[in-house]
Amino acid sequence: MKTSPTMKKALVLIAAGALFATAVYALPDYEPFADATAGGGTTYAVGANLIGQTNAQGQTWYQAGPISTTLSKIVAGNLSYGGLPASQGNSVNFGGTGESARLNLNGGTITSGTIYYSFLLQITAVSSANTGAAGLVWAGFNNTPGSQSSTPNVMAAQIKTKMLTSSTFALGTSKASTVASDCVWDPITRSVGDTLFVVGSYTLNSGSSSDDVSQMWINPSSSTFGDPSAPAYTLQATTGGDITSGWIASFVLENRDAKESSGIMDELRFGTSWADVTSVPEPSVV
């Protein structure tokens, strides 16, 4: 079928619009849990539920699990780490049994390459029931966007904790598995109340259904912040199956288990490079 000059012009305009949208809303993403009303988002008011908040990039936090009266909430104050830009906005709490929250990644699903997250973390309480070799996962990448009424059971580049003593814990990761032998743990004992800077990555490979790789950096040197490539990792997980479906579409902050550690998260970032998640916030908060 022939295309008229008018139709060609319309198709060009549509394509240009799509490219513009991708340029504006693609990764990197920055979530400071800050008032975004000037950019069309919500206020992120202290005490408000995280679910339902929309940031300055137009990303909304969706329900990701059974409805509960216990949800992650916006809390006053910030965490900080030397070498990072000053934190903005507020922060968010998590932990225990409740309703999980999901944030879609801008730019759509990621099907290849490496995707990173980073955030500031403070564990405020650990459970004596969480001492197993597999620990408990409370955040990570997911393969589904939007809301759902059941708790997500697919998590990649998992963020896990387990109690060591009543005031100490270990931080760990696994690729996409909750099997103890697939989990790797930081050998350094961390204390409740410590502020940690955590960077994680998941690399989507296509050679098989078990060749993806997850890595984690805990308190990396500020001398590496903004570098084009990542420094040596703290932890690397390679065993077990890859993320189901073979893509990443969102990030989930969970409140799925009474044994889960409780804590505060701040300055959440996503990107496709080390520099995206360790340098000056981009894009800026409106």
# chains A, B, ... in the order shown; residues from 1 in each chain; ligands from 1
call {"tool": "closest_atom_pairs", "arguments": {"of": "region 201-247 of chain A", "to": "region 262-282 of chain A", "cutoff": "12 Å", "atoms": "only C-alpha atoms", "output": "CSV"}}
result
residue,atom,partner,partner_atom,distance
A:Ser201,CA,A:Thr272,CA,9.0
A:Tyr202,CA,A:Thr272,CA,9.9
A:Thr203,CA,A:Thr272,CA,10.0
A:Leu204,CA,A:Thr272,CA,11.7
A:Gln215,CA,A:Trp274,CA,11.8
A:Met216,CA,A:Trp274,CA,11.6
A:Trp217,CA,A:Trp274,CA,10.7
A:Asn219,CA,A:Thr278,CA,11.2
A:Pro220,CA,A:Thr278,CA,9.6
A:Ser221,CA,A:Thr278,CA,10.4
A:Ser222,CA,A:Thr278,CA,8.6
A:Ser223,CA,A:Thr278,CA,10.4
A:Thr224,CA,A:Thr278,CA,8.2
A:Phe225,CA,A:Thr278,CA,4.9
A:Gly226,CA,A:Ala275,CA,4.0
A:Asp227,CA,A:Ala275,CA,5.3
A:Pro228,CA,A:Ala275,CA,5.5
A:Ser229,CA,A:Trp274,CA,5.8
A:Ala230,CA,A:Trp274,CA,5.3
A:Pro231,CA,A:Trp274,CA,8.7
A:Ala232,CA,A:Trp274,CA,11.6
A:Tyr233,CA,A:Trp274,CA,11.5
call {"tool": "residues_around", "arguments": {"residues": "Leu105 (chain A)", "least_positions_apart": "2", "cutoff": "7 Å", "atoms": "only C-alpha atoms", "output": "compact mmCIF listing (two decimals) with C-alpha atoms, in the first residue's frame"}}
result
# COMPACT_ATOMS: atom_id res chain seq x y z
CA LEU A 103 7.96 1.13 41.05
CA GLY A 107 11.87 3.24 29.48
CA GLY A 108 9.94 -0.05 29.70
CA ALA A 249 10.37 -4.18 34.45
CA SER A 250 10.22 -2.85 38.00
call {"tool": "residues_around", "arguments": {"residues": "Trp247 (chain A)", "least_positions_apart": "5", "cutoff": "9 Å", "atoms": "only C-alpha atoms", "output": "list in words"}}
result
Thr109, Ile110, Thr111, Ser112, Asn142, Asn143, Thr144 and Leu204 of chain A
call {"tool": "write_last_selection", "arguments": {"atoms": "N, CA, C and O atoms", "output": "compact mmCIF listing (two decimals), in the first residue's frame"}}
result
# COMPACT_ATOMS: atom_id res chain seq x y z
N THR A 109 10.56 -2.38 29.72
CA THR A 109 11.28 -3.56 30.20
C THR A 109 12.71 -3.59 29.66
O THR A 109 12.98 -3.17 28.54
N ILE A 110 13.61 -4.10 30.50
CA ILE A 110 15.01 -4.27 30.14
C ILE A 110 15.21 -5.74 29.79
O ILE A 110 14.93 -6.63 30.59
N THR A 111 15.70 -6.02 28.59
CA THR A 111 15.82 -7.40 28.12
C THR A 111 17.26 -7.85 27.91
O THR A 111 17.51 -9.03 27.66
N SER A 112 18.21 -6.93 27.99
CA SER A 112 19.62 -7.30 27.80
C SER A 112 20.50 -6.27 28.50
O SER A 112 20.05 -5.18 28.87
N ASN A 142 12.03 -6.86 39.61
CA ASN A 142 10.90 -7.74 39.33
C ASN A 142 10.62 -7.68 37.83
O ASN A 142 11.04 -6.75 37.14
N ASN A 143 9.89 -8.69 37.33
CA ASN A 143 9.63 -8.76 35.88
C ASN A 143 8.23 -8.32 35.48
O ASN A 143 7.82 -8.53 34.34
N THR A 144 7.50 -7.68 36.40
CA THR A 144 6.12 -7.27 36.12
C THR A 144 5.94 -5.81 36.50
O THR A 144 6.40 -5.38 37.56
N LEU A 204 21.69 -9.35 32.27
CA LEU A 204 20.85 -10.27 31.50
C LEU A 204 21.66 -10.81 30.33
O LEU A 204 21.99 -10.09 29.38
call {"tool": "atom_distance", "arguments": {"atom1": "CA of Val252 (chain A)", "atom2": "CA of Val126 (chain A)"}}
result
20.0 Å
call {"tool": "select_by_dssp", "arguments": {"residues": "region 85-285 of chain A", "states": "strand (DSSP E or B)", "output": "VMD selection string"}}
result
chain A and resid 91 to 94 97 99 101 to 104 110 113 to 125 136 to 142 148 156 to 165 168 to 174 183 to 185 190 to 191 196 to 204 213 to 218 235 to 237 248 250 to 253 256 262 to 271
call {"tool": "residues_around", "arguments": {"residues": "Thr97 (chain A)", "least_positions_apart": "6", "cutoff": "6 Å", "atoms": "only C-alpha atoms", "output": "ChimeraX atom specification"}}
result
/A:255-258
call {"tool": "write_last_selection", "arguments": {"atoms": "N, CA, C and O atoms", "output": "JSON list (two decimals), in the first residue's frame"}}
result
[["chain", "number", "residue", "atom", "x", "y", "z"],
["A", 255, "ASN", "N", 7.21, -5.84, 52.12],
["A", 255, "ASN", "CA", 6.82, -6.02, 53.52],
["A", 255, "ASN", "C", 6.07, -7.34, 53.56],
["A", 255, "ASN", "O", 4.86, -7.37, 53.71],
["A", 256, "ARG", "N", 6.78, -8.42, 53.39],
["A", 256, "ARG", "CA", 6.11, -9.70, 53.11],
["A", 256, "ARG", "C", 6.19, -10.71, 54.23],
["A", 256, "ARG", "O", 5.54, -11.74, 54.18],
["A", 257, "ASP", "N", 7.00, -10.45, 55.27],
["A", 257, "ASP", "CA", 7.23, -11.50, 56.25],
["A", 257, "ASP", "C", 7.51, -10.87, 57.61],
["A", 257, "ASP", "O", 8.29, -9.92, 57.72],
["A", 258, "ALA", "N", 6.89, -11.41, 58.66],
["A", 258, "ALA", "CA", 7.09, -10.90, 60.01],
["A", 258, "ALA", "C", 8.54, -11.02, 60.46],
["A", 258, "ALA", "O", 8.99, -10.30, 61.35]]
call {"tool": "residues_around", "arguments": {"residues": "Thr168 (chain A)", "least_positions_apart": "4", "cutoff": "6 Å", "atoms": "only C-alpha atoms", "output": "JSON, numbers by chain"}}
result
{"A": [164, 190, 191, 192]}
call {"tool": "residues_around", "arguments": {"residues": "Ala34 (chain A)", "least_positions_apart": "5", "cutoff": "10 Å", "atoms": "only C-alpha atoms", "output": "PyMOL selection string"}}
result
chain A and resi 41-46+53-56+74+87-91+267+285-286
call {"tool": "write_last_selection", "arguments": {"atoms": "N, CA and C atoms", "output": "CSV table (one decimal), in the first residue's frame"}}
result
chain,number,residue,atom,x,y,z
A,41,GLY,N,3.7,15.4,40.2
A,41,GLY,CA,3.7,14.3,41.1
A,41,GLY,C,2.9,14.6,42.4
A,42,THR,N,3.2,13.8,43.4
A,42,THR,CA,2.5,14.0,44.7
A,42,THR,C,3.4,14.6,45.7
A,43,THR,N,2.9,14.8,46.9
A,43,THR,CA,3.7,15.5,47.9
A,43,THR,C,4.7,14.7,48.7
A,44,TYR,N,4.5,13.4,48.7
A,44,TYR,CA,5.4,12.6,49.6
A,44,TYR,C,5.4,13.1,51.0
A,45,ALA,N,4.3,13.4,51.5
A,45,ALA,CA,4.2,14.0,52.9
A,45,ALA,C,4.6,13.0,53.9
A,46,VAL,N,5.2,13.5,55.0
A,46,VAL,CA,5.6,12.6,56.1
A,46,VAL,C,4.4,11.9,56.6
A,53,GLN,N,2.2,7.2,45.7
A,53,GLN,CA,3.0,8.4,45.5
A,53,GLN,C,3.6,8.4,44.0
A,54,THR,N,3.7,9.6,43.4
A,54,THR,CA,4.2,9.7,42.1
A,54,THR,C,5.3,10.8,42.1
A,55,ASN,N,6.5,10.4,41.6
A,55,ASN,CA,7.6,11.3,41.6
A,55,ASN,C,7.7,12.2,40.4
A,56,ALA,N,8.7,13.1,40.4
A,56,ALA,CA,8.8,14.1,39.4
A,56,ALA,C,9.1,13.5,38.0
A,74,ILE,N,6.3,7.3,54.2
A,74,ILE,CA,7.3,8.4,54.1
A,74,ILE,C,7.7,8.8,55.5
A,87,SER,N,21.4,14.4,50.3
A,87,SER,CA,20.1,13.8,50.1
A,87,SER,C,19.0,14.8,50.0
A,88,GLN,N,18.0,14.5,49.3
A,88,GLN,CA,16.9,15.5,49.1
A,88,GLN,C,15.6,14.8,49.6
A,89,GLY,N,14.6,15.6,49.9
A,89,GLY,CA,13.3,15.1,50.3
A,89,GLY,C,13.3,14.4,51.6
A,90,ASN,N,12.6,13.3,51.7
A,90,ASN,CA,12.5,12.5,52.9
A,90,ASN,C,13.1,11.1,52.6
A,91,SER,N,12.6,10.1,53.3
A,91,SER,CA,13.1,8.7,53.1
A,91,SER,C,11.8,7.8,53.4
A,267,GLU,N,17.3,7.9,48.8
A,267,GLU,CA,18.0,8.2,47.6
A,267,GLU,C,18.2,7.0,46.7
A,285,VAL,N,15.4,16.9,40.8
A,285,VAL,CA,14.0,17.0,41.4
A,285,VAL,C,13.4,18.3,40.9
A,286,VAL,N,12.2,18.3,40.4
A,286,VAL,CA,11.5,19.5,40.0
A,286,VAL,C,11.1,20.4,41.2
call {"tool": "select_by_dssp", "arguments": {"residues": "region 56-281 of chain A", "states": "helix (DSSP H, G or I)", "output": "list in words"}}
result
Ala180, Ser181, Asp182, Ser222, Ser223, Thr224, Thr244, Ser245, Gly246, Trp274, Ala275, Asp276, Val277 and Thr278 of chain A
call {"tool": "write_last_selection", "arguments": {"atoms": "N, CA, C and O atoms", "output": "PDB file, in the first residue's frame"}}
result
ATOM      1  N   ALA A 180      19.396 -21.469  49.835  1.00  0.00           N
ATOM      2  CA  ALA A 180      20.543 -21.017  50.627  1.00  0.00           C
ATOM      3  C   ALA A 180      21.860 -21.105  49.865  1.00  0.00           C
ATOM      4  O   ALA A 180      22.704 -20.207  49.951  1.00  0.00           O
ATOM      5  N   SER A 181      22.050 -22.178  49.107  1.00  0.00           N
ATOM      6  CA  SER A 181      23.322 -22.367  48.403  1.00  0.00           C
ATOM      7  C   SER A 181      23.522 -21.366  47.272  1.00  0.00           C
ATOM      8  O   SER A 181      24.650 -21.219  46.766  1.00  0.00           O
ATOM      9  N   ASP A 182      22.468 -20.673  46.863  1.00  0.00           N
ATOM     10  CA  ASP A 182      22.584 -19.665  45.805  1.00  0.00           C
ATOM     11  C   ASP A 182      22.806 -18.257  46.357  1.00  0.00           C
ATOM     12  O   ASP A 182      22.970 -17.315  45.584  1.00  0.00           O
ATOM     13  N   SER A 222      34.302   6.291  47.598  1.00  0.00           N
ATOM     14  CA  SER A 222      33.784   7.485  46.914  1.00  0.00           C
ATOM     15  C   SER A 222      34.669   7.888  45.736  1.00  0.00           C
ATOM     16  O   SER A 222      34.227   8.635  44.856  1.00  0.00           O
ATOM     17  N   SER A 223      35.904   7.388  45.700  1.00  0.00           N
ATOM     18  CA  SER A 223      36.792   7.719  44.579  1.00  0.00           C
ATOM     19  C   SER A 223      36.308   7.105  43.273  1.00  0.00           C
ATOM     20  O   SER A 223      36.749   7.511  42.193  1.00  0.00           O
ATOM     21  N   THR A 224      35.400   6.143  43.366  1.00  0.00           N
ATOM     22  CA  THR A 224      34.865   5.507  42.156  1.00  0.00           C
ATOM     23  C   THR A 224      33.565   6.143  41.687  1.00  0.00           C
ATOM     24  O   THR A 224      33.082   5.814  40.598  1.00  0.00           O
ATOM     25  N   THR A 244      12.739 -15.110  35.948  1.00  0.00           N
ATOM     26  CA  THR A 244      11.681 -15.670  35.107  1.00  0.00           C
ATOM     27  C   THR A 244      11.277 -14.655  34.039  1.00  0.00           C
ATOM     28  O   THR A 244      11.162 -13.477  34.300  1.00  0.00           O
ATOM     29  N   SER A 245      11.075 -15.131  32.834  1.00  0.00           N
ATOM     30  CA  SER A 245      10.667 -14.341  31.657  1.00  0.00           C
ATOM     31  C   SER A 245      11.840 -13.674  30.978  1.00  0.00           C
ATOM     32  O   SER A 245      11.745 -13.271  29.824  1.00  0.00           O
ATOM     33  N   GLY A 246      12.970 -13.512  31.663  1.00  0.00           N
ATOM     34  CA  GLY A 246      14.156 -12.983  31.010  1.00  0.00           C
ATOM     35  C   GLY A 246      14.179 -11.482  30.831  1.00  0.00           C
ATOM     36  O   GLY A 246      14.890 -10.984  29.953  1.00  0.00           O
ATOM     37  N   TRP A 274      27.441   2.316  36.143  1.00  0.00           N
ATOM     38  CA  TRP A 274      27.887   2.659  37.498  1.00  0.00           C
ATOM     39  C   TRP A 274      27.719   4.156  37.743  1.00  0.00           C
ATOM     40  O   TRP A 274      27.261   4.582  38.807  1.00  0.00           O
ATOM     41  N   ALA A 275      28.087   4.952  36.752  1.00  0.00           N
ATOM     42  CA  ALA A 275      27.989   6.407  36.903  1.00  0.00           C
ATOM     43  C   ALA A 275      26.558   6.859  37.143  1.00  0.00           C
ATOM     44  O   ALA A 275      26.313   7.812  37.894  1.00  0.00           O
ATOM     45  N   ASP A 276      25.593   6.187  36.517  1.00  0.00           N
ATOM     46  CA  ASP A 276      24.189   6.574  36.668  1.00  0.00           C
ATOM     47  C   ASP A 276      23.742   6.535  38.122  1.00  0.00           C
ATOM     48  O   ASP A 276      22.880   7.321  38.531  1.00  0.00           O
ATOM     49  N   VAL A 277      24.287   5.597  38.898  1.00  0.00           N
ATOM     50  CA  VAL A 277      23.746   5.386  40.251  1.00  0.00           C
ATOM     51  C   VAL A 277      24.707   5.811  41.360  1.00  0.00           C
ATOM     52  O   VAL A 277      24.432   5.589  42.541  1.00  0.00           O
ATOM     53  N   THR A 278      25.841   6.430  40.987  1.00  0.00           N
ATOM     54  CA  THR A 278      26.801   6.852  42.007  1.00  0.00           C
ATOM     55  C   THR A 278      27.223   8.307  41.858  1.00  0.00           C
ATOM     56  O   THR A 278      28.164   8.734  42.513  1.00  0.00           O
TER      57      THR A 278
END
call {"tool": "decode", "arguments": {"residues": "region 173-187 of chain A", "atoms": "N, CA and C atoms", "output": "short mmCIF file (atom, residue, chain, number, x, y, z; two decimals), in the first residue's frame"}}
result
data_model
loop_
_atom_site.label_atom_id
_atom_site.label_comp_id
_atom_site.auth_asym_id
_atom_site.auth_seq_id
_atom_site.Cartn_x
_atom_site.Cartn_y
_atom_site.Cartn_z
N THR A 173 23.08 -11.14 48.90
CA THR A 173 22.33 -11.10 47.65
C THR A 173 22.26 -12.49 47.05
N SER A 174 21.36 -12.67 46.11
CA SER A 174 21.33 -13.84 45.26
C SER A 174 20.80 -13.39 43.91
N LYS A 175 21.04 -14.21 42.90
CA LYS A 175 20.66 -13.81 41.55
C LYS A 175 19.15 -13.71 41.41
N ALA A 176 18.46 -14.83 41.63
CA ALA A 176 17.00 -14.83 41.55
C ALA A 176 16.43 -16.00 42.32
N SER A 177 17.14 -16.41 43.37
CA SER A 177 16.80 -17.64 44.07
C SER A 177 16.75 -17.40 45.57
N THR A 178 15.90 -18.17 46.25
CA THR A 178 15.85 -18.14 47.71
C THR A 178 16.49 -19.37 48.32
N VAL A 179 17.14 -20.20 47.49
CA VAL A 179 17.85 -21.38 47.97
C VAL A 179 19.14 -20.93 48.65
N ALA A 180 19.40 -21.47 49.84
CA ALA A 180 20.54 -21.02 50.63
C ALA A 180 21.86 -21.11 49.87
N SER A 181 22.05 -22.18 49.11
CA SER A 181 23.32 -22.37 48.40
C SER A 181 23.52 -21.37 47.27
N ASP A 182 22.47 -20.67 46.86
CA ASP A 182 22.58 -19.67 45.81
C ASP A 182 22.81 -18.26 46.36
N CYS A 183 22.80 -18.12 47.68
CA CYS A 183 22.96 -16.81 48.32
C CYS A 183 24.42 -16.57 48.68
N VAL A 184 24.86 -15.35 48.54
CA VAL A 184 26.22 -14.96 48.96
C VAL A 184 26.10 -13.85 49.99
N TRP A 185 27.01 -13.86 50.97
CA TRP A 185 26.88 -12.96 52.12
C TRP A 185 28.14 -12.14 52.34
N ASP A 186 27.93 -10.90 52.70
CA ASP A 186 29.03 -10.01 53.06
C ASP A 186 29.70 -10.56 54.32
N PRO A 187 31.03 -10.74 54.34
CA PRO A 187 31.69 -11.27 55.52
C PRO A 187 31.82 -10.26 56.67
#
